[in-house]
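Printed here is input-v7.cif (mmCIF, C-alpha atoms and all ligand atoms):
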data_data
#
loop_
_atom_site.label_atom_id
_atom_site.label_comp_id
_atom_site.auth_asym_id
_atom_site.auth_seq_id
_atom_site.Cartn_x
_atom_site.Cartn_y
_atom_site.Cartn_z
CA MET A 29 2.09 -12.44 18.62
CA PHE A 30 4.19 -10.91 15.91
CA PHE A 31 5.87 -8.61 18.42
CA THR A 32 6.74 -11.44 20.75
CA ILE A 33 8.38 -13.45 18.01
CA ALA A 34 10.21 -10.44 16.57
CA ALA A 35 11.47 -9.35 19.96
CA ALA A 36 12.50 -12.82 21.04
CA ALA A 37 14.34 -13.38 17.78
CA PHE A 38 16.47 -10.34 18.51
CA GLY A 39 16.93 -11.08 22.19
CA LEU A 40 15.22 -7.87 23.23
CA PHE A 41 12.08 -9.16 24.87
CA ALA A 42 11.32 -7.80 28.33
CA PRO A 43 7.59 -7.83 29.04
CA ALA A 44 7.40 -5.33 31.91
CA SER A 45 9.75 -2.69 30.95
CA ALA A 46 9.54 3.06 25.89
CA LEU A 47 11.50 1.62 23.16
CA LEU A 48 9.92 1.13 19.76
CA ARG A 49 11.65 -0.99 17.15
CA PHE A 50 9.84 -1.55 13.86
CA PRO A 51 10.52 -2.24 10.20
CA CYS A 52 9.47 0.11 7.40
CA SER A 53 9.42 -1.19 3.82
CA SER A 54 10.72 0.87 0.93
CA LEU A 55 8.16 3.54 -0.04
CA THR A 56 10.11 4.78 -3.05
CA VAL A 57 13.65 5.34 -4.31
CA GLN A 58 13.96 8.51 -6.30
CA ARG A 59 15.67 11.88 -6.60
CA LEU A 60 13.39 13.91 -4.33
CA ASP A 61 14.17 15.83 -1.12
CA PRO A 62 11.28 17.93 0.22
CA LEU A 63 13.40 19.08 3.18
CA VAL A 64 16.64 20.30 1.58
CA ASN A 65 15.50 20.76 -2.02
CA PRO A 66 11.75 21.55 -1.72
CA GLY A 67 10.01 21.93 -5.04
CA MET A 68 12.90 20.45 -6.98
CA ASN A 69 12.21 17.56 -9.30
CA PRO A 70 14.74 16.08 -9.52
CA SER A 71 16.70 16.91 -6.37
CA ALA A 72 20.49 16.78 -6.06
CA HIS A 73 20.96 13.10 -5.31
CA LEU A 74 19.09 9.83 -5.01
CA HIS A 75 17.31 8.89 -1.76
CA GLN A 76 15.65 5.81 -0.35
CA ILE A 77 12.49 6.83 1.50
CA VAL A 78 10.12 5.04 3.90
CA GLY A 79 6.92 5.98 5.73
CA GLY A 80 3.68 7.71 4.79
CA ASN A 81 2.60 8.08 1.19
CA SER A 82 2.00 11.85 1.39
CA PHE A 83 5.74 12.08 0.58
CA ASN A 84 6.20 14.47 -2.34
CA GLU A 85 8.62 17.04 -3.73
CA THR A 86 7.06 19.85 -1.65
CA MET A 87 5.86 19.31 1.95
CA PRO A 88 5.71 22.70 3.74
CA SER A 89 5.96 22.45 7.52
CA GLU A 90 2.97 24.80 8.02
CA SER A 91 0.51 23.21 5.62
CA HIS A 92 1.48 19.61 4.86
CA ASP A 93 -0.17 17.43 7.52
CA LEU A 94 1.37 14.01 6.95
CA PRO A 95 -1.20 11.91 8.88
CA SER A 96 -4.24 13.44 7.17
CA LEU A 97 -2.71 13.56 3.66
CA SER A 98 -1.39 9.99 3.75
CA THR A 99 -3.61 7.02 2.94
CA CYS A 100 -1.01 4.38 3.89
CA THR A 101 2.40 3.93 5.46
CA SER A 102 5.18 1.45 4.71
CA CYS A 103 5.93 1.18 8.44
CA GLN A 104 4.67 -1.52 10.78
CA PHE A 105 3.01 0.94 13.17
CA SER A 106 0.11 2.11 11.06
CA GLU A 107 -0.28 5.44 12.90
CA ASP A 108 3.24 6.45 11.81
CA PHE A 109 2.96 8.51 8.59
CA SER A 110 6.37 10.13 9.16
CA ASN A 111 8.96 10.08 6.40
CA TYR A 112 12.52 8.92 6.92
CA TRP A 113 15.17 8.93 4.20
CA THR A 114 18.87 8.48 3.51
CA ALA A 115 21.19 8.57 0.51
CA VAL A 116 21.56 5.42 -1.62
CA LEU A 117 24.67 3.26 -1.84
CA PHE A 118 26.28 2.46 -5.19
CA TYR A 119 29.07 0.09 -6.19
CA LYS A 120 31.64 1.67 -8.50
CA ALA A 121 33.19 -0.92 -10.80
CA LYS A 122 36.77 -0.70 -12.05
CA ASN A 123 35.50 0.26 -15.50
CA GLY A 124 33.90 3.31 -13.94
CA THR A 125 30.25 2.22 -14.11
CA PHE A 126 27.89 2.24 -11.11
CA LYS A 127 25.40 -0.30 -9.81
CA ARG A 128 22.83 0.45 -7.13
CA VAL A 129 23.40 -1.75 -4.05
CA PRO A 130 20.22 -3.57 -2.96
CA GLN A 131 18.83 -3.18 0.55
CA ARG A 132 18.25 -6.15 2.78
CA ALA A 133 14.78 -6.76 4.23
CA GLN A 134 14.64 -5.49 7.81
CA GLY A 135 11.63 -7.40 9.05
CA GLY A 136 9.09 -10.08 8.39
CA GLY A 137 9.93 -13.56 7.23
CA PHE A 138 8.90 -15.18 10.50
CA GLY A 139 7.52 -18.67 10.03
CA GLY A 140 7.98 -18.32 6.27
CA GLY A 141 5.83 -15.16 6.08
CA ALA A 142 6.39 -12.21 3.75
CA GLN A 143 9.53 -10.11 4.20
CA ASN A 144 9.68 -6.34 4.16
CA GLN A 145 10.92 -4.95 0.84
CA GLY A 146 14.15 -3.05 1.49
CA GLY A 147 13.59 -0.03 3.69
CA MET A 148 14.97 0.25 7.19
CA MET A 149 14.52 -0.55 10.85
CA VAL A 150 13.37 2.43 12.90
CA TYR A 151 13.84 2.89 16.66
CA TYR A 152 12.46 5.49 19.06
CA MET A 153 13.88 5.29 22.57
CA THR A 154 13.86 7.21 25.82
CA ASP A 155 17.16 5.73 27.05
CA ALA A 156 20.09 3.75 25.66
CA LEU A 157 19.17 0.90 23.29
CA PHE A 158 19.98 -1.91 25.68
CA ASP A 159 18.34 -0.30 28.73
CA THR A 160 15.20 -2.40 28.99
CA ALA A 161 13.66 -0.15 31.66
CA GLN A 162 13.37 2.90 29.32
CA ARG A 163 12.37 5.01 32.32
CA SER A 164 13.16 8.53 31.09
CA THR A 165 10.43 10.97 30.18
CA VAL A 166 10.64 12.47 26.69
CA THR A 167 8.52 14.93 24.70
CA ALA A 168 7.31 13.61 21.38
CA PHE A 169 7.84 15.74 18.25
CA LYS A 170 5.12 18.27 17.30
CA PRO A 171 3.19 18.30 14.00
CA GLY A 172 5.34 19.99 11.34
CA PHE A 173 8.61 19.06 13.08
CA ARG A 174 11.48 17.99 10.82
CA MET A 175 15.26 17.69 11.01
CA LEU A 176 18.39 16.63 9.18
CA VAL A 177 21.43 14.91 10.64
CA GLY A 178 24.75 14.73 8.79
CA ASP A 179 26.07 16.73 5.84
CA SER A 180 26.15 15.47 2.27
CA THR A 181 29.20 17.66 1.48
CA TYR A 182 31.48 16.27 4.22
CA ARG A 183 34.43 14.18 3.08
CA ASP A 184 36.79 13.82 6.04
CA ARG A 185 36.93 12.46 9.55
CA GLU A 186 37.39 15.84 11.21
CA GLN A 187 34.22 17.21 9.64
CA ALA A 188 32.30 14.06 10.51
CA ARG A 189 33.18 14.47 14.20
CA LYS A 190 30.50 17.18 14.36
CA TRP A 191 27.92 14.36 14.42
CA ARG A 192 27.64 11.80 17.08
CA GLN A 193 26.90 8.28 16.07
CA LEU A 194 26.49 8.32 12.30
CA THR A 195 28.21 5.01 11.79
CA TYR A 196 28.69 1.88 9.69
CA ILE A 197 28.87 -1.72 10.79
CA CYS A 198 30.75 -4.24 8.65
CA MET A 199 28.47 -7.21 9.11
CA GLU A 200 30.16 -10.57 9.48
CA ASN A 201 26.70 -12.04 9.99
CA GLU A 202 23.15 -10.84 10.68
CA GLY A 203 23.92 -10.27 14.34
CA THR A 204 27.08 -8.16 14.02
CA ARG A 205 26.67 -4.80 15.84
CA ALA A 206 30.31 -3.80 16.47
CA PRO A 207 32.70 -2.26 15.81
CA GLU A 208 31.18 0.90 14.37
CA TYR A 209 33.09 2.81 11.66
CA ILE A 210 32.72 6.54 10.89
CA GLY A 211 33.74 6.08 7.23
CA PHE A 212 32.98 3.18 4.87
CA PRO A 213 34.46 -0.08 6.20
CA PRO A 214 37.84 -0.68 4.51
CA LYS A 215 37.23 -4.40 3.90
CA PRO A 216 34.62 -6.69 2.36
CA CYS A 217 31.64 -7.23 4.68
CA PRO A 218 30.31 -10.78 4.24
CA ALA A 219 26.75 -9.96 5.40
CA GLY A 220 26.57 -6.37 4.11
CA ILE A 221 27.07 -2.86 5.49
CA MET A 222 24.67 -1.47 8.07
CA ALA A 223 24.36 2.34 8.05
CA ASN A 224 23.24 3.75 11.42
CA HIS A 225 21.73 7.21 11.75
CA ARG A 226 21.04 8.49 15.27
CA PHE A 227 19.40 11.90 15.45
CA PRO A 228 20.07 14.62 18.07
CA THR A 229 17.84 14.42 21.14
CA CYS A 230 17.46 18.00 22.46
CA TRP A 231 15.00 20.56 21.02
CA ASP A 232 14.76 24.35 21.47
CA GLY A 233 11.07 23.86 22.26
CA LYS A 234 10.00 26.55 19.77
CA ASN A 235 11.03 25.93 16.17
CA LEU A 236 9.66 23.07 14.10
CA ASP A 237 12.52 23.58 11.62
CA SER A 238 15.47 25.93 11.06
CA PRO A 239 17.17 27.24 7.92
CA ASN A 240 19.80 24.46 7.92
CA HIS A 241 17.26 22.00 9.40
CA GLN A 242 19.70 21.41 12.29
CA ASP A 243 19.98 24.44 14.59
CA HIS A 244 16.67 23.82 16.36
CA VAL A 245 18.07 20.54 17.75
CA ALA A 246 21.25 19.74 19.68
CA TYR A 247 23.12 16.98 21.49
CA PRO A 248 23.26 16.72 25.31
CA GLU A 249 25.65 19.34 26.73
CA SER A 250 27.63 16.79 28.68
CA GLY A 251 27.79 13.05 28.41
CA THR A 252 25.60 11.46 25.78
CA PHE A 253 21.99 10.46 25.26
CA GLU A 254 23.05 6.96 26.28
CA SER A 255 24.59 8.15 29.55
CA GLY A 256 21.55 10.31 30.36
CA GLY A 257 23.43 13.59 29.72
CA PRO A 258 21.35 16.76 30.25
CA CYS A 259 20.13 18.91 27.36
CA PRO A 260 21.70 22.39 27.07
CA ALA A 261 19.71 25.45 28.25
CA SER A 262 19.40 26.59 24.63
CA HIS A 263 17.69 23.29 23.73
CA PRO A 264 16.06 22.14 26.96
CA VAL A 265 13.42 19.72 25.68
CA LYS A 266 14.43 16.06 25.69
CA LEU A 267 13.23 14.20 22.60
CA PRO A 268 13.12 10.48 21.92
CA GLN A 269 16.25 9.28 20.15
CA ILE A 270 15.52 8.10 16.62
CA LEU A 271 17.86 5.46 15.22
CA LEU A 272 17.61 4.27 11.61
CA GLU A 273 19.32 1.04 10.57
CA THR A 274 19.65 0.41 6.84
CA VAL A 275 21.39 -2.73 5.63
CA TRP A 276 23.05 -2.49 2.23
CA ASP A 277 23.46 -5.94 0.74
CA THR A 278 27.00 -5.66 -0.62
CA THR A 279 27.51 -9.41 -0.94
CA ALA A 280 27.60 -9.31 -4.77
CA PHE A 281 30.38 -6.73 -4.62
CA ASN A 282 32.90 -8.20 -2.23
CA ASP A 283 35.82 -8.87 -4.61
CA PRO A 284 38.95 -8.57 -2.41
CA ALA A 285 40.79 -6.90 -5.31
CA ASP A 286 38.47 -3.90 -4.92
CA PHE A 287 39.72 -3.47 -1.35
CA ALA A 288 43.46 -3.58 -2.00
CA ASP A 289 45.67 -0.76 -0.71
CA GLY A 290 43.07 0.55 1.70
CA ASN A 291 40.48 1.21 -0.99
CA GLN A 292 36.84 0.21 -1.03
CA PRO A 293 34.45 0.39 -3.99
CA PHE A 294 31.31 2.00 -2.54
CA VAL A 295 30.05 5.56 -3.02
CA TRP A 296 26.97 7.37 -1.72
CA SER A 297 24.57 8.73 -4.34
CA SER A 298 25.93 12.21 -3.51
CA GLY A 299 29.28 11.14 -5.02
CA ASP A 300 30.97 10.54 -1.65
CA PRO A 301 33.58 7.72 -1.73
CA THR A 302 34.51 8.16 1.97
CA GLY A 303 31.28 7.57 3.90
CA TYR A 304 31.76 10.76 5.95
CA SER A 305 28.78 12.44 4.24
CA SER A 306 26.31 10.03 5.82
CA HIS A 307 23.04 11.89 6.47
CA ALA A 308 19.37 11.25 7.13
CA ASP A 309 16.18 13.28 7.08
CA TYR A 310 13.09 13.05 9.27
CA LEU A 311 9.63 14.57 8.88
CA PHE A 312 7.48 13.82 11.93
CA GLY A 313 4.08 12.40 11.03
CA TRP A 314 2.60 10.29 13.82
CA LYS A 315 -1.17 10.51 14.07
CA ASP A 316 -2.58 12.52 16.99
CA ASP A 317 -0.73 11.74 20.23
CA SER A 318 0.16 8.15 19.31
CA LEU A 319 3.93 8.62 19.63
CA GLN A 320 3.66 10.40 22.99
CA ARG A 321 1.40 7.64 24.29
CA ALA A 322 3.89 5.01 23.14
CA MET A 323 6.83 6.84 24.78
CA ASP A 324 4.87 7.25 28.00
CA GLY A 325 4.15 3.52 28.05
CA HIS A 326 7.73 2.65 29.04
CA THR A 327 7.44 -0.67 27.23
CA TYR A 328 10.28 -2.36 25.40
CA VAL A 329 9.74 -3.31 21.73
CA SER A 330 6.18 -4.46 22.34
CA ALA A 331 3.75 -1.53 22.04
CA PRO A 332 0.21 -2.65 22.84
CA MET A 333 -1.01 0.97 22.76
CA LEU A 334 -0.22 1.28 19.03
CA GLN A 335 -1.99 -0.03 15.97
CA SER A 336 0.07 -2.12 13.62
CA GLN A 337 -0.22 -3.75 10.21
CA GLY A 338 1.26 -6.76 8.46
CA VAL A 339 4.24 -6.94 6.16
CA ALA A 340 2.12 -7.39 3.02
CA GLN A 341 0.30 -4.12 3.72
CA GLN A 342 3.58 -2.32 4.38
CA ASN A 343 4.97 -3.59 1.08
CA GLN A 344 1.89 -2.36 -0.80
CA CYS A 345 2.32 1.25 0.29
CA LYS A 346 4.22 3.09 -2.48
CA VAL A 347 4.44 6.54 -4.00
CA PRO A 348 4.68 6.89 -7.77
CA ASP A 349 8.04 7.48 -9.39
CA VAL A 350 7.75 11.05 -10.66
CA VAL A 351 11.41 11.50 -11.57
CA ARG A 352 11.46 8.53 -13.93
CA GLU A 353 15.15 7.98 -14.48
CA ASP A 354 17.14 4.76 -14.75
CA ILE A 355 18.61 3.90 -11.35
CA ASP A 356 19.08 0.15 -11.79
CA SER A 357 21.25 -0.50 -14.85
CA TRP A 358 25.02 -0.38 -14.82
CA LEU A 359 25.11 3.40 -15.03
CA THR A 360 27.84 5.45 -16.63
CA GLU A 361 27.22 8.19 -14.07
CA LEU A 362 25.42 8.55 -10.73
CA PRO A 363 21.85 9.85 -10.98
CA GLY A 364 22.19 13.62 -11.18
CA ALA A 365 25.68 13.21 -12.68
CA ASN A 366 27.27 13.80 -9.25
CA PRO A 367 31.02 13.45 -9.64
CA VAL A 368 32.82 11.04 -7.28
CA VAL A 369 34.88 13.40 -5.17
C1 LIG B 401 3.03 16.18 -5.69
O1 LIG B 401 3.48 17.51 -5.96
C2 LIG B 401 3.21 17.90 -7.30
C3 LIG B 401 3.90 19.26 -7.50
O2 LIG B 401 3.54 20.15 -6.46
C4 LIG B 401 1.70 17.95 -7.53
O3 LIG B 401 1.43 18.33 -8.87
C5 LIG B 401 1.13 16.55 -7.26
O4 LIG B 401 -0.28 16.59 -7.35
C6 LIG B 401 1.52 16.07 -5.89
N1 LIG B 401 1.13 14.68 -5.76
C7 LIG B 401 0.27 14.29 -4.85
C8 LIG B 401 -0.03 12.85 -4.84
O5 LIG B 401 -0.24 15.07 -4.06
C1 LIG B 402 31.66 -2.73 -16.11
O1 LIG B 402 31.89 -3.68 -15.10
C2 LIG B 402 30.75 -4.34 -14.60
C3 LIG B 402 31.20 -5.21 -13.44
O2 LIG B 402 32.22 -6.06 -13.81
C4 LIG B 402 30.06 -5.11 -15.71
O3 LIG B 402 28.95 -5.78 -15.25
C5 LIG B 402 29.68 -4.10 -16.79
O4 LIG B 402 29.08 -4.79 -17.87
C6 LIG B 402 30.88 -3.35 -17.26
N1 LIG B 402 30.45 -2.32 -18.20
C7 LIG B 402 31.14 -2.01 -19.30
C8 LIG B 402 30.57 -0.91 -20.15
O5 LIG B 402 32.16 -2.58 -19.60
#

Can you turn what I pasted into structure tokens?
Amino acid sequence: MFFTIAAAAFGLFAPASALLRFPCSSLTVQRLDPLVNPGMNPSAHLHQIVGGNSFNETMPSESHDLPSLSTCTSCQFSEDFSNYWTAVLFYKAKNGTFKRVPQRAQGGGFGGGAQNQGGMMVYYMTDALFDTAQRSTVTAFKPGFRMLVGDSTYRDREQARKWRQLTYICMENEGTRAPEYIGFPPKPCPAGIMANHRFPTCWDGKNLDSPNHQDHVAYPESGTFESGGPCPASHPVKLPQILLETVWDTTAFNDPADFADGNQPFVWSSGDPTGYSSHADYLFGWKDDSLQRAMDGHTYVSAPMLQSQGVAQQNQCKVPDVVREDIDSWLTELPGANPVV
């Protein structure tokens, strides 16, 4: 029932046609990064994290089995103990202080029910988002698989071209999905800023990770995932495309004066005032073969082969704050003292 209403509300319902679309509540917001900065507490910059509660500062690919070490997940599909995370958006006031930008609920609320707390909307698809047939065959990720898309050190358009489809949408209203910007939108966005992270879709078939967490995956060698482009010989295995949508509720920070002369007042927690450093991390953690079964089902949004849980249960799944630093006051510096450059 929930799926029908959710799908209908977004105009995506097609009963016979594998695309998964599901909300994940916030699991925690803290300065940890078990992929890029394993063992570091605190890590370099602040992240917002969703998924299974085995998330911790150290999660070795070989030994950290997310489904068996987690006791809950903040995602709707209760067999998904993966972790997904991105940087955190801050508003930089004219007096130089910073305020964390809240995240808008990405699910729930139907018929007056509970809403997801923050978090993001997660998609897995075998073909382009609006292709309701989802006919292509994909290979689900293997236990221990992880990857990173984007680069937290990038600050210009040319660098950002390396990535396909790390974008922002300046939301005029809840339904706005175009145009997509590569840097931060240069104008106030009445309904907030949506950050979109689409991961590469071709795998080398051998390595669960690589030193930069990127070389074991690639983009199609011609065309795009959306156009059905083939994977390169070096990375022949077609993966589902993961898309993360995070909506930053900038509505309290839309003073036109902040946007004069082509400026905008937002910075990522890494200190990036451009938006070109957009990045996201993924640690695969679906239980058993649940993701493969879902992809093989060729359904669209509805996923009768998967177990799911309600919004209240998703909201209850949290990991403790082990960094314990102030992230919510008007801060005189970004967490980690990252300079804005
Ligand atoms: C998280 O990692 C720390 C450091 O390795 C460890 O002491 C702690 O027990 C872990 N927490 C959980 C819940 O496993
Ligand atoms: C800086 O500006 C913000 C936004 O106007 C305000 O809320 C905050 O109190 C100011 N902080 C200081 C130290 O003036």

- prompt: Which residues sit within 12 Å of ligand LIG 401 (chain B), counting only C-alpha atoms and all ligand atoms, listed as a ChimeraX atom specification?
  reply: /A:60-62,66-70,80-88,92-94,97-99,346-351

Residue subset to file, keeping C-alpha atoms, as an mmCIF file, in the coordinates of the input:
data_model
loop_
_atom_site.group_PDB
_atom_site.id
_atom_site.type_symbol
_atom_site.label_atom_id
_atom_site.label_comp_id
_atom_site.auth_asym_id
_atom_site.auth_seq_id
_atom_site.Cartn_x
_atom_site.Cartn_y
_atom_site.Cartn_z
ATOM 1 C CA LEU A 60 13.390 13.910 -4.330
ATOM 2 C CA ASP A 61 14.170 15.830 -1.120
ATOM 3 C CA PRO A 62 11.280 17.930 0.220
ATOM 4 C CA PRO A 66 11.750 21.550 -1.720
ATOM 5 C CA GLY A 67 10.010 21.930 -5.040
ATOM 6 C CA MET A 68 12.900 20.450 -6.980
ATOM 7 C CA ASN A 69 12.210 17.560 -9.300
ATOM 8 C CA PRO A 70 14.740 16.080 -9.520
ATOM 9 C CA GLY A 80 3.680 7.710 4.790
ATOM 10 C CA ASN A 81 2.600 8.080 1.190
ATOM 11 C CA SER A 82 2.000 11.850 1.390
ATOM 12 C CA PHE A 83 5.740 12.080 0.580
ATOM 13 C CA ASN A 84 6.200 14.470 -2.340
ATOM 14 C CA GLU A 85 8.620 17.040 -3.730
ATOM 15 C CA THR A 86 7.060 19.850 -1.650
ATOM 16 C CA MET A 87 5.860 19.310 1.950
ATOM 17 C CA PRO A 88 5.710 22.700 3.740
ATOM 18 C CA HIS A 92 1.480 19.610 4.860
ATOM 19 C CA ASP A 93 -0.170 17.430 7.520
ATOM 20 C CA LEU A 94 1.370 14.010 6.950
ATOM 21 C CA LEU A 97 -2.710 13.560 3.660
ATOM 22 C CA SER A 98 -1.390 9.990 3.750
ATOM 23 C CA THR A 99 -3.610 7.020 2.940
ATOM 24 C CA LYS A 346 4.220 3.090 -2.480
ATOM 25 C CA VAL A 347 4.440 6.540 -4.000
ATOM 26 C CA PRO A 348 4.680 6.890 -7.770
ATOM 27 C CA ASP A 349 8.040 7.480 -9.390
ATOM 28 C CA VAL A 350 7.750 11.050 -10.660
ATOM 29 C CA VAL A 351 11.410 11.500 -11.570
#

message: I'd like to know which of A:Tyr119, A:Phe158, A:Phe287, A:Tyr304 is closest to ligand LIG 402 (chain B), using all atoms listed in the file.
response: A:Tyr119

Best match for closeness to Ser71 (chain A) among A:Ala115, A:Ala261, A:Ala133, A:Ala322, counting all atoms listed in the file: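 Under the stated criterion, the closest residue is A:Ala115.
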
List the spatial neighbours of Pro95 (chain A) as a PDB file with C-alpha atoms, in the coordinates of the input - criterion: any atom at most 9 Å away, all atoms listed in the file, same-chain residues fewer than 5 positions off excluded.
ATOM      1  CA  GLY A  80       3.680   7.710   4.790  1.00  0.00           C
ATOM      2  CA  SER A  82       2.000  11.850   1.390  1.00  0.00           C
ATOM      3  CA  GLU A 107      -0.280   5.440  12.900  1.00  0.00           C
ATOM      4  CA  ASP A 108       3.240   6.450  11.810  1.00  0.00           C
ATOM      5  CA  PHE A 109       2.960   8.510   8.590  1.00  0.00           C
ATOM      6  CA  SER A 110       6.370  10.130   9.160  1.00  0.00           C
ATOM      7  CA  GLY A 313       4.080  12.400  11.030  1.00  0.00           C
ATOM      8  CA  TRP A 314       2.600  10.290  13.820  1.00  0.00           C
ATOM      9  CA  LYS A 315      -1.170  10.510  14.070  1.00  0.00           C
ATOM     10  CA  ASP A 316      -2.580  12.520  16.990  1.00  0.00           C
TER      11      ASP A 316
END

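You can rank A:Arg163, A:Lys122, A:Arg49, A:Lys215 by their closest distance to ligand LIG 402 (chain B) using only C-alpha atoms and all ligand atoms, and at the top of that list sits A:Lys122.
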
- request: Select the residues contacting ligand LIG 402 (chain B) at a distance of at most 10 Å, based on only C-alpha atoms and all ligand atoms, then format the selection as a ChimeraX atom specification.
  value: /A:119-127,281,357-360

field: Which of A:Gln344, A:Ile210, A:Lys266, A:Arg205 sits closest to Ser54 (chain A) [using all atoms listed in the file]
entry: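 Going through A:Gln344, A:Ile210, A:Lys266, A:Arg205 one by one, the smallest distance to Ser54 (chain A) is for A:Gln344.
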
query: How far is it from CA of Pro213 (chain A) to CA of Gly364 (chain A), in Å with one decimal?
result: 25.3 Å

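Residue nearest Gly203 (chain A), chosen from A:Thr327, A:Gly178, A:Met222, A:Ala46 and counting all atoms listed in the file: A:Met222.
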
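One finds CA of Val339 (chain A) at 11.9 Å from CA of Gly147 (chain A).
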
- request: Tell me, as a list of chain:residue names, which residues lie within 7 Å of Trp276 (chain A), counting only C-alpha atoms; anything in the same chain fewer than 6 positions away does not count.
  value: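 Near neighbours after the sequence-gap exclusion: A:Val129, A:Pro130, A:Gln131, A:Arg132, A:Gly220, A:Ile221, A:Met222.
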
- prompt: Within 12 Å of Asn240 (chain A), counting only C-alpha atoms, which residues qualify if same-chain residues fewer than 4 places away don't, as an NGL selection string?
  reply: :A and (63-65 or 174-179 or 236 or 244-245 or 309)

message: Residues within 9 Å of (21.2, 8.9, 21.8), file coordinates, counting all atoms listed in the file: what are they? Give the list as a ChimeraX atom specification.
response: /A:153-157,192-193,226-229,247-248,252-256,268-271

Please produce a file of those selected residues containing C-alpha atoms, as a short mmCIF file (atom, residue, chain, number, x, y, z; two decimals), keeping the file's coordinate frame.
data_model
loop_
_atom_site.label_atom_id
_atom_site.label_comp_id
_atom_site.auth_asym_id
_atom_site.auth_seq_id
_atom_site.Cartn_x
_atom_site.Cartn_y
_atom_site.Cartn_z
CA MET A 153 13.88 5.29 22.57
CA THR A 154 13.86 7.21 25.82
CA ASP A 155 17.16 5.73 27.05
CA ALA A 156 20.09 3.75 25.66
CA LEU A 157 19.17 0.90 23.29
CA ARG A 192 27.64 11.80 17.08
CA GLN A 193 26.90 8.28 16.07
CA ARG A 226 21.04 8.49 15.27
CA PHE A 227 19.40 11.90 15.45
CA PRO A 228 20.07 14.62 18.07
CA THR A 229 17.84 14.42 21.14
CA TYR A 247 23.12 16.98 21.49
CA PRO A 248 23.26 16.72 25.31
CA THR A 252 25.60 11.46 25.78
CA PHE A 253 21.99 10.46 25.26
CA GLU A 254 23.05 6.96 26.28
CA SER A 255 24.59 8.15 29.55
CA GLY A 256 21.55 10.31 30.36
CA PRO A 268 13.12 10.48 21.92
CA GLN A 269 16.25 9.28 20.15
CA ILE A 270 15.52 8.10 16.62
CA LEU A 271 17.86 5.46 15.22
#

Since the input lacks some atoms of region 140-150 of chain A, please model N, CA, C and O atoms and print them as a tab-separated table (two decimals), in the coordinates of the input.
chain	number	residue	atom	x	y	z
A	140	GLY	N	8.16	-18.25	7.72
A	140	GLY	CA	7.98	-18.32	6.27
A	140	GLY	C	7.09	-17.22	5.72
A	140	GLY	O	6.76	-17.21	4.53
A	141	GLY	N	6.69	-16.25	6.55
A	141	GLY	CA	5.83	-15.16	6.08
A	141	GLY	C	6.56	-14.19	5.18
A	141	GLY	O	7.76	-14.32	4.96
A	142	ALA	N	5.82	-13.20	4.67
A	142	ALA	CA	6.39	-12.21	3.75
A	142	ALA	C	7.48	-11.41	4.45
A	142	ALA	O	7.44	-11.19	5.66
A	143	GLN	N	8.47	-10.97	3.67
A	143	GLN	CA	9.53	-10.11	4.20
A	143	GLN	C	9.29	-8.68	3.76
A	143	GLN	O	8.74	-8.44	2.68
A	144	ASN	N	9.73	-7.74	4.57
A	144	ASN	CA	9.68	-6.34	4.16
A	144	ASN	C	10.55	-6.14	2.92
A	144	ASN	O	11.63	-6.73	2.82
A	145	GLN	N	10.09	-5.28	2.00
A	145	GLN	CA	10.92	-4.95	0.84
A	145	GLN	C	11.85	-3.81	1.22
A	145	GLN	O	11.40	-2.70	1.50
A	146	GLY	N	13.15	-4.08	1.23
A	146	GLY	CA	14.15	-3.05	1.49
A	146	GLY	C	13.84	-2.23	2.72
A	146	GLY	O	13.50	-2.77	3.77
A	147	GLY	N	13.94	-0.92	2.59
A	147	GLY	CA	13.59	-0.03	3.69
A	147	GLY	C	14.58	-0.07	4.83
A	147	GLY	O	15.78	-0.30	4.63
A	148	MET	N	14.08	0.14	6.03
A	148	MET	CA	14.97	0.25	7.19
A	148	MET	C	14.27	-0.18	8.46
A	148	MET	O	13.06	-0.38	8.48
A	149	MET	N	15.06	-0.31	9.52
A	149	MET	CA	14.52	-0.55	10.85
A	149	MET	C	14.57	0.79	11.58
A	149	MET	O	15.59	1.48	11.53
A	150	VAL	N	13.47	1.14	12.21
A	150	VAL	CA	13.37	2.43	12.90
A	150	VAL	C	13.22	2.19	14.40
A	150	VAL	O	12.47	1.30	14.82
